[in-house]
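Enquirer: So that you have it, the file is query_16.txt, and it contains compact mmCIF, C-alpha atoms:
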# COMPACT_ATOMS: atom_id res chain seq x y z
CA VAL A 1 -52.53 -37.31 -27.69
CA ARG A 2 -53.03 -33.65 -27.08
CA SER A 3 -53.13 -33.94 -23.30
CA SER A 4 -49.79 -35.79 -23.17
CA ALA A 5 -48.14 -32.99 -25.15
CA ALA A 6 -49.51 -30.47 -22.66
CA SER A 7 -48.27 -32.54 -19.73
CA ASP A 8 -44.78 -32.65 -21.33
CA VAL A 9 -44.77 -28.86 -21.43
CA TYR A 10 -45.76 -28.70 -17.75
CA LYS A 11 -43.06 -31.20 -16.81
CA ARG A 12 -40.40 -29.15 -18.60
CA GLN A 13 -41.62 -25.96 -16.92
CA ALA A 14 -41.59 -27.65 -13.51
CA GLY A 15 -38.06 -28.91 -14.12
CA ALA A 16 -36.90 -25.42 -15.06
CA GLY A 17 -38.57 -24.00 -11.94
CA ILE A 18 -36.82 -26.49 -9.68
CA PHE A 19 -33.50 -25.72 -11.39
CA PHE A 20 -33.87 -21.99 -10.70
CA ILE A 21 -34.90 -22.63 -7.10
CA VAL A 22 -31.78 -24.75 -6.52
CA ILE A 23 -29.55 -22.12 -8.16
CA SER A 24 -31.10 -19.33 -6.07
CA ILE A 25 -30.59 -21.31 -2.84
CA ILE A 26 -26.93 -21.92 -3.70
CA LEU A 27 -26.40 -18.24 -4.55
CA THR A 28 -28.16 -17.12 -1.38
CA ILE A 29 -25.97 -19.31 0.80
CA GLY A 30 -22.90 -18.17 -1.11
CA LEU A 31 -23.74 -14.51 -0.51
CA VAL A 32 -25.16 -14.62 3.03
CA ILE A 33 -22.09 -16.20 4.64
CA PRO A 34 -19.62 -13.53 3.37
CA HIS A 35 -22.16 -10.82 4.24
CA LEU A 36 -22.33 -12.03 7.85
CA ALA A 37 -18.53 -12.23 8.02
CA VAL A 38 -18.17 -8.62 6.83
CA CYS A 39 -20.82 -7.44 9.30
CA VAL A 40 -19.11 -9.16 12.23
CA ARG A 41 -15.75 -7.75 11.17
CA ARG A 42 -17.23 -4.25 11.05
CA LEU A 43 -18.75 -4.71 14.50
CA HIS A 44 -15.34 -5.79 15.79
CA ASP A 45 -13.86 -2.60 14.30
CA ILE A 46 -16.12 -0.50 16.52
CA GLY A 47 -15.48 -2.71 19.56
CA GLN A 48 -18.79 -4.61 19.58
CA SER A 49 -19.35 -8.33 19.76
CA GLY A 50 -20.52 -10.21 16.67
CA SER A 51 -23.64 -11.24 18.57
CA TYR A 52 -24.64 -7.56 18.38
CA LEU A 53 -25.70 -8.45 14.83
CA LEU A 54 -28.74 -10.19 16.32
CA MET A 55 -30.08 -6.69 17.03
CA SER A 56 -31.02 -6.50 13.37
CA LEU A 57 -33.76 -9.06 14.03
CA ILE A 58 -35.74 -6.54 16.10
CA PRO A 59 -38.56 -5.27 13.87
CA PHE A 60 -38.26 -1.65 12.70
CA ALA A 61 -35.66 -0.51 15.26
CA GLY A 62 -33.10 -3.26 14.61
CA PRO A 63 -32.03 -2.21 11.10
CA ILE A 64 -31.79 1.42 12.25
CA ILE A 65 -29.60 0.42 15.21
CA MET A 66 -27.35 -1.59 12.90
CA LEU A 67 -27.14 1.27 10.37
CA VAL A 68 -26.00 3.61 13.13
CA ALA A 69 -23.49 1.02 14.40
CA PHE A 70 -22.06 0.43 10.92
CA ALA A 71 -21.74 4.20 10.35
CA LYS A 72 -19.64 4.72 13.49
CA ASP A 73 -15.94 5.41 13.14
CA SER A 74 -13.54 2.60 13.98
CA GLN A 75 -12.21 2.40 17.50
CA PRO A 76 -8.65 3.81 17.50
CA GLY A 77 -5.83 1.60 18.71
CA LYS A 78 -6.29 -1.89 20.04
CA ASN A 79 -9.48 -3.42 21.36
CA GLN A 80 -10.32 -6.94 22.50
CA TYR A 81 -10.58 -8.08 18.87
CA GLY A 82 -7.16 -6.81 17.75
CA ILE A 83 -5.45 -3.76 16.35
CA SER A 84 -7.51 -1.33 14.28
CA GLU A 85 -6.64 -1.43 10.59
CA LYS A 86 -7.71 2.19 10.17
CA TYR A 87 -5.69 3.49 13.14
CA PRO A 88 -2.85 0.96 13.60
CA GLU A 89 -0.38 3.30 15.32
CA SER A 90 -2.82 4.80 17.83
Spell out the structure here as structure tokens.
Expert:
Amino acid sequence: VRSSAASDVYKRQAGAGIFFIVISIILTIGLVIPHLAVCVRRLHDIGQSGSYLLMSLIPFAGPIIMLVAFAKDSQPGKNQYGISEKYPES
């Protein structure tokens, strides 16, 4: 009798673990997609292609390159991605 009570506890703990894994996957997907969209939009502001974001996959140097790119000032006027929101009249 005692071992079945222990197995019930393990089953409940496993169910709770699976629940939190599913919730974390849903939250991750829900946050990664907007994050990528904002990054691509920022790259377009400085006149770079969205595929430039793949630079961040280079170990060590990639995140530094992206940090520098994201810190750059927007390109004034119009570029191939549209009119700058920061400098619309330029």
Enquirer: Report, in Å with one decimal, the straight-line distance from atom CA of Asp45 of chain A to atom CA of Gln75 of chain A.
Expert: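 About the pair atom CA of Asp45 of chain A and atom CA of Gln75 of chain A: they are 6.2 Å apart.
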Enquirer: Compile the contact shell of Tyr52 of chain A as a ChimeraX atom specification: residues with an atom at most 12 Å away, counting all atoms listed in the file, same-chain residues fewer than 5 positions apart removed.
Expert: /A:36,39-44,46-47,57-58,62-63,65-66,69-70
Enquirer: Keeping only C-alpha atoms, write those residues as an mmCIF file, in the frame of the given file.
Expert:
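Contents of the output file selection_23.cif:
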data_model
loop_
_atom_site.group_PDB
_atom_site.id
_atom_site.type_symbol
_atom_site.label_atom_id
_atom_site.label_comp_id
_atom_site.auth_asym_id
_atom_site.auth_seq_id
_atom_site.Cartn_x
_atom_site.Cartn_y
_atom_site.Cartn_z
ATOM 1 C CA LEU A 36 -22.330 -12.030 7.850
ATOM 2 C CA CYS A 39 -20.820 -7.440 9.300
ATOM 3 C CA VAL A 40 -19.110 -9.160 12.230
ATOM 4 C CA ARG A 41 -15.750 -7.750 11.170
ATOM 5 C CA ARG A 42 -17.230 -4.250 11.050
ATOM 6 C CA LEU A 43 -18.750 -4.710 14.500
ATOM 7 C CA HIS A 44 -15.340 -5.790 15.790
ATOM 8 C CA ILE A 46 -16.120 -0.500 16.520
ATOM 9 C CA GLY A 47 -15.480 -2.710 19.560
ATOM 10 C CA LEU A 57 -33.760 -9.060 14.030
ATOM 11 C CA ILE A 58 -35.740 -6.540 16.100
ATOM 12 C CA GLY A 62 -33.100 -3.260 14.610
ATOM 13 C CA PRO A 63 -32.030 -2.210 11.100
ATOM 14 C CA ILE A 65 -29.600 0.420 15.210
ATOM 15 C CA MET A 66 -27.350 -1.590 12.900
ATOM 16 C CA ALA A 69 -23.490 1.020 14.400
ATOM 17 C CA PHE A 70 -22.060 0.430 10.920
#
Enquirer: Kindly indicate which residue among A:Ile29, A:Leu53, A:Ser74, A:Ser24 lies nearest to Lys86 of chain A, using all atoms listed in the file for the distances.
Expert: A:Ser74
Enquirer: Between A:Pro88, A:Ser51, A:Gly77, A:Ala14, which one has atoms that come closest to Ala37 of chain A, using only C-alpha atoms?
Expert: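 Nearest candidate to Ala37 of chain A out of A:Pro88, A:Ser51, A:Gly77, A:Ala14: A:Ser51.
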Enquirer: Under the rule that all atoms listed in the file are counted, which of A:Val22, A:Gly82, A:Pro34, A:Gln13 is the nearest residue to Gln48 of chain A?
Expert: A:Gly82
